[in-house]
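So the structure is just underneath, and the comments pick up after that.
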Amino acid sequence: MPESNESTIMYKIRDVVSTIGMPTMIIAAFWVLTLVGGYVVGISMSALLSDTIKRAGMNGILVLAMVPAIQSGTGPNFALPIGIVCGLFGMVCSIEAGVSGYTWLLLAFAIAVPLAVTVGYGYGKLMNAVKGSEMTIATYTGFSVVALMCLAWLMLPFKNPKMGWFIGKGLRETIQLDAVGAAQILNKILAFNIGDIVIPTGLLLIFALFCVLVWLFFRSKMGIAISAGGINPKFAQATGLNIDKNRVYANILSTVLGAVGIIVYSQSFGYAQLYTAPLMMAFPAVAAVLIGGATASRAKVSHVVIGVFLFQGLLTTALPVANEIFAGTDLSEIMRMIIQNGIILYALTQVKGGAR
């Protein structure tokens with residue numbers, strides 16, 4: 001009888017591990033360990049948790065952009081910088097128009113989304129032309145677009161002094177959004193404190209809204225067709241589904257989410273960063289969704305929520321803890337690179353290995 005109970009407990013433990021995923025549990029345990037370490041060395045838990053919540057909300061929609069691409073069968077969207085530059089272009093055009101506050105935000109969305117739809121259509125066509133090499137081609141496509149936009153930021157005839165160089169032509173690398181009353185404009189909506197923990201309600205609500213919209217989309221007829229094509233393309237095609245068209249739609253949605261995501265990210269950060277800033281932004285987003293439990297072929301909104309909080313929580317907590325433990329040294333940037341790139345390396349091995 002005791003052996004039967006023991007085997008039942010072991011079976012339940014294995015079932016929980018299989019459901020959540022061993023890598024996700026390891027990362028979560030490591031995050032909790034760093035929080036304990038932070039408490040021991042006297043770091044404010046309220047500050048760490050506040051920063052984690054804020055950073056998760058900032059990055060959430062960018063991570064959410066991975067879901068349509070993965071579900072369609074094209075794999076994680078390493079060309080996320082394509083959508084990001086569309087969002088950046090919408091922001092600088094909105095500043096150029098001389099508007100501020102919520103008008104600036106709405107105009108930035110209004111410019112970025114149609115541009116992202118157009119660019120996403122072309123990107124989706126490219127993905128159909130390079131089946132089997134999507135992730136490699138996507139990475140270099142994103143790099144190429146960022147390099148092209150470095151020239152555009154210098155050459156486009158923007159005149160607004162709030163974002164131009166003081167001497168010469170072109171836009172500054174970093175544009176302050178408080179100059180147009182847009183810094184943390186969403187964060188401050190209905191914001192409140194739980195003790196010393198700051199809850200940026202508006203930021204979390206916009207993230208939750210897009211999570212619900214994507215969740216509902218993949219329960220619609222088109223969303224189910226996209227997922228079916230990603231799971232088994234030959235069977236889906238045999239049932240009459242247009243796989244290539246659905247892959248294009250998925251990549252349009254992914255690009256639009258990238259454009260919207262960078263606008264939400266930038267207003268929370270307080271700055272719009274141009275030139276090479278978007279170059280590597282796809283990699284943390286890919287890492288986050290895979291840490292949340294997604295694979296190269298399957299992803300859900302729940303994976304996004306879990307992954308973005310684990311990833312950002314680990315980065316937020318581990319850096320100040322490392323600085324306290326190794327007092328007198330400046331290890332923050334080194335530790336950030338070790339943690340971030342280590343997680344990205346794990347994510348890339350997950351992509352190589354496919355499903356768990």
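In the structure tokens, the first chain shown is A, the next is B, and so on; residue numbers restart at 1 for each chain, and ligands run from 1 in the order shown.
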Set the distance at 10 Å and use only C-alpha atoms: which residues neighbour A:Asn59 once local chain neighbours fewer than 3 positions away are removed? I'd like the list as an mmCIF file with N, CA, C and O atoms, in the first residue's frame.
```
data_model
loop_
_atom_site.group_PDB
_atom_site.id
_atom_site.type_symbol
_atom_site.label_atom_id
_atom_site.label_comp_id
_atom_site.auth_asym_id
_atom_site.auth_seq_id
_atom_site.Cartn_x
_atom_site.Cartn_y
_atom_site.Cartn_z
ATOM 1 N N LYS A 54 6.569 46.356 -14.113
ATOM 2 C CA LYS A 54 6.662 47.368 -15.160
ATOM 3 C C LYS A 54 7.322 46.813 -16.415
ATOM 4 O O LYS A 54 6.827 46.994 -17.527
ATOM 5 N N ARG A 55 8.437 46.130 -16.251
ATOM 6 C CA ARG A 55 9.169 45.611 -17.403
ATOM 7 C C ARG A 55 8.392 44.518 -18.123
ATOM 8 O O ARG A 55 8.466 44.390 -19.350
ATOM 9 N N ALA A 56 7.628 43.723 -17.369
ATOM 10 C CA ALA A 56 6.794 42.699 -18.002
ATOM 11 C C ALA A 56 5.716 43.349 -18.866
ATOM 12 O O ALA A 56 5.454 42.910 -19.997
ATOM 13 N N LEU A 62 5.457 42.756 -27.304
ATOM 14 C CA LEU A 62 6.541 42.308 -28.183
ATOM 15 C C LEU A 62 6.696 40.787 -28.113
ATOM 16 O O LEU A 62 6.946 40.135 -29.132
ATOM 17 N N VAL A 63 6.552 40.226 -26.925
ATOM 18 C CA VAL A 63 6.608 38.767 -26.788
ATOM 19 C C VAL A 63 5.369 38.135 -27.404
ATOM 20 O O VAL A 63 5.443 37.079 -28.044
ATOM 21 N N LEU A 64 4.227 38.770 -27.238
ATOM 22 C CA LEU A 64 2.974 38.269 -27.812
ATOM 23 C C LEU A 64 3.052 38.159 -29.334
ATOM 24 O O LEU A 64 2.378 37.324 -29.943
ATOM 25 N N PHE A 207 -1.739 45.440 -22.135
ATOM 26 C CA PHE A 207 -1.142 44.123 -22.382
ATOM 27 C C PHE A 207 -2.215 43.037 -22.298
ATOM 28 O O PHE A 207 -2.303 42.158 -23.166
ATOM 29 N N GLY A 261 3.692 46.993 -30.056
ATOM 30 C CA GLY A 261 4.485 46.683 -28.880
ATOM 31 C C GLY A 261 5.588 47.679 -28.615
ATOM 32 O O GLY A 261 5.832 48.053 -27.464
ATOM 33 N N ILE A 262 6.258 48.145 -29.673
ATOM 34 C CA ILE A 262 7.371 49.076 -29.454
ATOM 35 C C ILE A 262 6.846 50.450 -29.032
ATOM 36 O O ILE A 262 7.523 51.175 -28.297
ATOM 37 N N VAL A 264 4.149 50.913 -27.122
ATOM 38 C CA VAL A 264 3.840 50.717 -25.706
ATOM 39 C C VAL A 264 5.128 50.662 -24.892
ATOM 40 O O VAL A 264 5.230 51.264 -23.814
ATOM 41 N N TYR A 265 6.119 49.962 -25.409
ATOM 42 C CA TYR A 265 7.419 49.861 -24.731
ATOM 43 C C TYR A 265 8.064 51.231 -24.579
ATOM 44 O O TYR A 265 8.539 51.592 -23.491
ATOM 45 N N SER A 266 8.087 52.004 -25.652
ATOM 46 C CA SER A 266 8.790 53.289 -25.655
ATOM 47 C C SER A 266 8.137 54.290 -24.725
ATOM 48 O O SER A 266 8.830 55.030 -24.009
ATOM 49 N N SER A 268 6.516 53.673 -22.055
ATOM 50 C CA SER A 268 6.818 53.276 -20.690
ATOM 51 C C SER A 268 8.274 53.557 -20.336
ATOM 52 O O SER A 268 8.580 53.986 -19.216
ATOM 53 N N MET A 281 16.315 43.063 -30.527
ATOM 54 C CA MET A 281 15.135 42.994 -29.665
ATOM 55 C C MET A 281 14.307 41.734 -29.867
ATOM 56 O O MET A 281 13.496 41.380 -29.006
ATOM 57 N N PRO A 284 15.398 38.509 -27.005
ATOM 58 C CA PRO A 284 14.754 38.388 -25.691
ATOM 59 C C PRO A 284 13.283 37.992 -25.785
ATOM 60 O O PRO A 284 12.781 37.268 -24.923
ATOM 61 N N ALA A 285 12.593 38.455 -26.823
ATOM 62 C CA ALA A 285 11.180 38.101 -26.988
ATOM 63 C C ALA A 285 11.030 36.611 -27.287
ATOM 64 O O ALA A 285 10.145 35.942 -26.739
ATOM 65 N N ALA A 288 11.768 34.683 -24.079
ATOM 66 C CA ALA A 288 10.693 34.773 -23.092
ATOM 67 C C ALA A 288 9.558 33.809 -23.398
ATOM 68 O O ALA A 288 9.079 33.097 -22.510
ATOM 69 N N VAL A 308 7.166 36.145 -20.019
ATOM 70 C CA VAL A 308 7.627 37.532 -19.909
ATOM 71 C C VAL A 308 7.850 37.901 -18.440
ATOM 72 O O VAL A 308 8.805 38.625 -18.108
ATOM 73 N N PHE A 309 7.029 37.370 -17.533
ATOM 74 C CA PHE A 309 7.242 37.667 -16.115
ATOM 75 C C PHE A 309 8.485 36.947 -15.582
ATOM 76 O O PHE A 309 9.258 37.530 -14.810
ATOM 77 N N GLN A 312 11.745 38.738 -17.418
ATOM 78 C CA GLN A 312 12.003 40.083 -16.907
ATOM 79 C C GLN A 312 12.247 40.071 -15.406
ATOM 80 O O GLN A 312 13.066 40.850 -14.894
#
```
Contact residues around A:Val99 with only C-alpha atoms at 12 Å, ignoring same-chain residues under 6 positions, as a list in words: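 Answer for this query is Met91, Val92, Cys93, Leu105, Leu106, Leu107, Ala108, Asn160, Lys162, Leu177, Ala179, Val180, Gly181 and Ala182 of chain A.
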Could you check which of A:Val304, A:Leu156, A:Ile137, A:Val119 is closest to A:Val286, using only C-alpha atoms?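 Nearest to A:Val286: A:Val304.
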Using Å and a single decimal, report how far atom CA of A:Gly90 sits from atom CA of A:Val113.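 Those two atoms sit 8.3 Å apart.
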I'd like to know which of A:Val256, A:Ile306, A:Ala183, A:Leu205 is closest to A:Ile27, using only C-alpha atoms. A:Ile306
Got a sec: who's within 12 Å of A:Leu274, counting only C-alpha atoms, leaving out chain neighbours fewer than 4 positions off, as a PDB file with N, CA and C atoms, in the first residue's frame?
```
ATOM      1  N   PRO A  81      12.245  43.049 -35.604  1.00  0.00           N
ATOM      2  CA  PRO A  81      12.640  44.437 -35.875  1.00  0.00           C
ATOM      3  C   PRO A  81      11.912  45.088 -37.043  1.00  0.00           C
ATOM      4  N   ILE A  84       9.028  46.546 -35.403  1.00  0.00           N
ATOM      5  CA  ILE A  84       9.498  47.580 -34.478  1.00  0.00           C
ATOM      6  C   ILE A  84       9.804  48.877 -35.211  1.00  0.00           C
ATOM      7  N   VAL A  85      10.469  48.804 -36.375  1.00  0.00           N
ATOM      8  CA  VAL A  85      10.795  50.041 -37.092  1.00  0.00           C
ATOM      9  C   VAL A  85       9.524  50.708 -37.623  1.00  0.00           C
ATOM     10  N   CYS A  86       8.479  49.920 -37.909  1.00  0.00           N
ATOM     11  CA  CYS A  86       7.199  50.521 -38.306  1.00  0.00           C
ATOM     12  C   CYS A  86       6.622  51.338 -37.145  1.00  0.00           C
ATOM     13  N   GLY A  87       6.713  50.776 -35.928  1.00  0.00           N
ATOM     14  CA  GLY A  87       6.238  51.511 -34.762  1.00  0.00           C
ATOM     15  C   GLY A  87       7.056  52.755 -34.492  1.00  0.00           C
ATOM     16  N   LEU A  88       8.381  52.655 -34.646  1.00  0.00           N
ATOM     17  CA  LEU A  88       9.248  53.821 -34.457  1.00  0.00           C
ATOM     18  C   LEU A  88       8.945  54.904 -35.483  1.00  0.00           C
ATOM     19  N   PHE A  89       8.691  54.485 -36.724  1.00  0.00           N
ATOM     20  CA  PHE A  89       8.356  55.454 -37.770  1.00  0.00           C
ATOM     21  C   PHE A  89       7.051  56.169 -37.439  1.00  0.00           C
ATOM     22  N   MET A  91       5.916  56.752 -34.464  1.00  0.00           N
ATOM     23  CA  MET A  91       6.181  57.672 -33.348  1.00  0.00           C
ATOM     24  C   MET A  91       6.840  58.963 -33.823  1.00  0.00           C
ATOM     25  N   VAL A  92       7.866  58.848 -34.676  1.00  0.00           N
ATOM     26  CA  VAL A  92       8.553  60.073 -35.112  1.00  0.00           C
ATOM     27  C   VAL A  92       7.664  60.907 -36.028  1.00  0.00           C
ATOM     28  N   VAL A 146      16.826  46.994 -40.311  1.00  0.00           N
ATOM     29  CA  VAL A 146      17.367  47.935 -39.320  1.00  0.00           C
ATOM     30  C   VAL A 146      18.499  48.755 -39.932  1.00  0.00           C
ATOM     31  N   ALA A 147      19.373  48.101 -40.699  1.00  0.00           N
ATOM     32  CA  ALA A 147      20.474  48.818 -41.356  1.00  0.00           C
ATOM     33  C   ALA A 147      19.948  49.834 -42.368  1.00  0.00           C
ATOM     34  N   LEU A 148      18.920  49.444 -43.123  1.00  0.00           N
ATOM     35  CA  LEU A 148      18.323  50.361 -44.096  1.00  0.00           C
ATOM     36  C   LEU A 148      17.709  51.566 -43.398  1.00  0.00           C
ATOM     37  N   MET A 149      17.049  51.322 -42.276  1.00  0.00           N
ATOM     38  CA  MET A 149      16.413  52.427 -41.556  1.00  0.00           C
ATOM     39  C   MET A 149      17.433  53.354 -40.904  1.00  0.00           C
ATOM     40  N   CYS A 150      18.652  52.867 -40.648  1.00  0.00           N
ATOM     41  CA  CYS A 150      19.700  53.762 -40.139  1.00  0.00           C
ATOM     42  C   CYS A 150      19.960  54.883 -41.147  1.00  0.00           C
ATOM     43  N   LEU A 151      19.917  54.548 -42.429  1.00  0.00           N
ATOM     44  CA  LEU A 151      20.056  55.575 -43.468  1.00  0.00           C
ATOM     45  C   LEU A 151      18.827  56.465 -43.514  1.00  0.00           C
ATOM     46  N   ALA A 152      17.647  55.836 -43.358  1.00  0.00           N
ATOM     47  CA  ALA A 152      16.403  56.608 -43.434  1.00  0.00           C
ATOM     48  C   ALA A 152      16.321  57.638 -42.318  1.00  0.00           C
ATOM     49  N   TRP A 153      16.727  57.262 -41.086  1.00  0.00           N
ATOM     50  CA  TRP A 153      16.657  58.215 -39.976  1.00  0.00           C
ATOM     51  C   TRP A 153      17.545  59.436 -40.222  1.00  0.00           C
ATOM     52  N   LEU A 154      18.595  59.251 -41.004  1.00  0.00           N
ATOM     53  CA  LEU A 154      19.483  60.374 -41.325  1.00  0.00           C
ATOM     54  C   LEU A 154      18.977  61.210 -42.490  1.00  0.00           C
ATOM     55  N   MET A 163      13.438  66.281 -31.956  1.00  0.00           N
ATOM     56  CA  MET A 163      14.049  64.978 -32.228  1.00  0.00           C
ATOM     57  C   MET A 163      15.217  65.045 -33.215  1.00  0.00           C
ATOM     58  N   GLY A 164      15.593  66.235 -33.658  1.00  0.00           N
ATOM     59  CA  GLY A 164      16.714  66.365 -34.584  1.00  0.00           C
ATOM     60  C   GLY A 164      18.021  66.654 -33.867  1.00  0.00           C
ATOM     61  N   GLY A 170      19.213  64.885 -39.768  1.00  0.00           N
ATOM     62  CA  GLY A 170      18.890  63.565 -39.247  1.00  0.00           C
ATOM     63  C   GLY A 170      18.318  63.600 -37.845  1.00  0.00           C
ATOM     64  N   LEU A 171      17.845  62.434 -37.399  1.00  0.00           N
ATOM     65  CA  LEU A 171      17.226  62.301 -36.092  1.00  0.00           C
ATOM     66  C   LEU A 171      18.243  61.834 -35.058  1.00  0.00           C
ATOM     67  N   ARG A 172      18.001  62.206 -33.811  1.00  0.00           N
ATOM     68  CA  ARG A 172      18.868  61.759 -32.732  1.00  0.00           C
ATOM     69  C   ARG A 172      18.686  60.261 -32.487  1.00  0.00           C
ATOM     70  N   GLU A 173      19.680  59.647 -31.866  1.00  0.00           N
ATOM     71  CA  GLU A 173      19.586  58.224 -31.552  1.00  0.00           C
ATOM     72  C   GLU A 173      18.501  57.959 -30.515  1.00  0.00           C
ATOM     73  N   THR A 174      18.376  58.852 -29.545  1.00  0.00           N
ATOM     74  CA  THR A 174      17.390  58.700 -28.483  1.00  0.00           C
ATOM     75  C   THR A 174      16.536  59.959 -28.397  1.00  0.00           C
ATOM     76  N   ILE A 175      15.229  59.789 -28.514  1.00  0.00           N
ATOM     77  CA  ILE A 175      14.299  60.917 -28.495  1.00  0.00           C
ATOM     78  C   ILE A 175      13.483  60.860 -27.207  1.00  0.00           C
ATOM     79  N   GLN A 176      13.515  61.943 -26.444  1.00  0.00           N
ATOM     80  CA  GLN A 176      12.777  61.997 -25.191  1.00  0.00           C
ATOM     81  C   GLN A 176      11.293  62.213 -25.466  1.00  0.00           C
ATOM     82  N   ILE A 262       6.258  48.145 -29.673  1.00  0.00           N
ATOM     83  CA  ILE A 262       7.371  49.076 -29.454  1.00  0.00           C
ATOM     84  C   ILE A 262       6.846  50.450 -29.032  1.00  0.00           C
ATOM     85  N   SER A 266       8.087  52.004 -25.652  1.00  0.00           N
ATOM     86  CA  SER A 266       8.790  53.289 -25.655  1.00  0.00           C
ATOM     87  C   SER A 266       8.137  54.290 -24.725  1.00  0.00           C
ATOM     88  N   PRO A 278      16.808  48.569 -32.340  1.00  0.00           N
ATOM     89  CA  PRO A 278      15.915  47.410 -32.513  1.00  0.00           C
ATOM     90  C   PRO A 278      16.623  46.131 -32.941  1.00  0.00           C
ATOM     91  N   LEU A 279      17.922  46.193 -33.216  1.00  0.00           N
ATOM     92  CA  LEU A 279      18.622  45.098 -33.889  1.00  0.00           C
ATOM     93  C   LEU A 279      18.437  43.759 -33.189  1.00  0.00           C
TER      94      LEU A 279
END
```
In Å, with one decimal, what is the gap from atom CA of A:Trp31 to atom CA of A:Leu314?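 So the answer is 5.2 Å.
Across the model, the gap from atom CA of A:Ser297 to atom CA of A:Gly223 is 14.8 Å.
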Per DSSP on the backbone, filter stretch 51-212 of chain A down to the residues in helix (DSSP H, G or I) and report them as a PyMOL selection string. chain A and resi 51-64+66-72+80-96+101-129+134-155+177-180+201-212
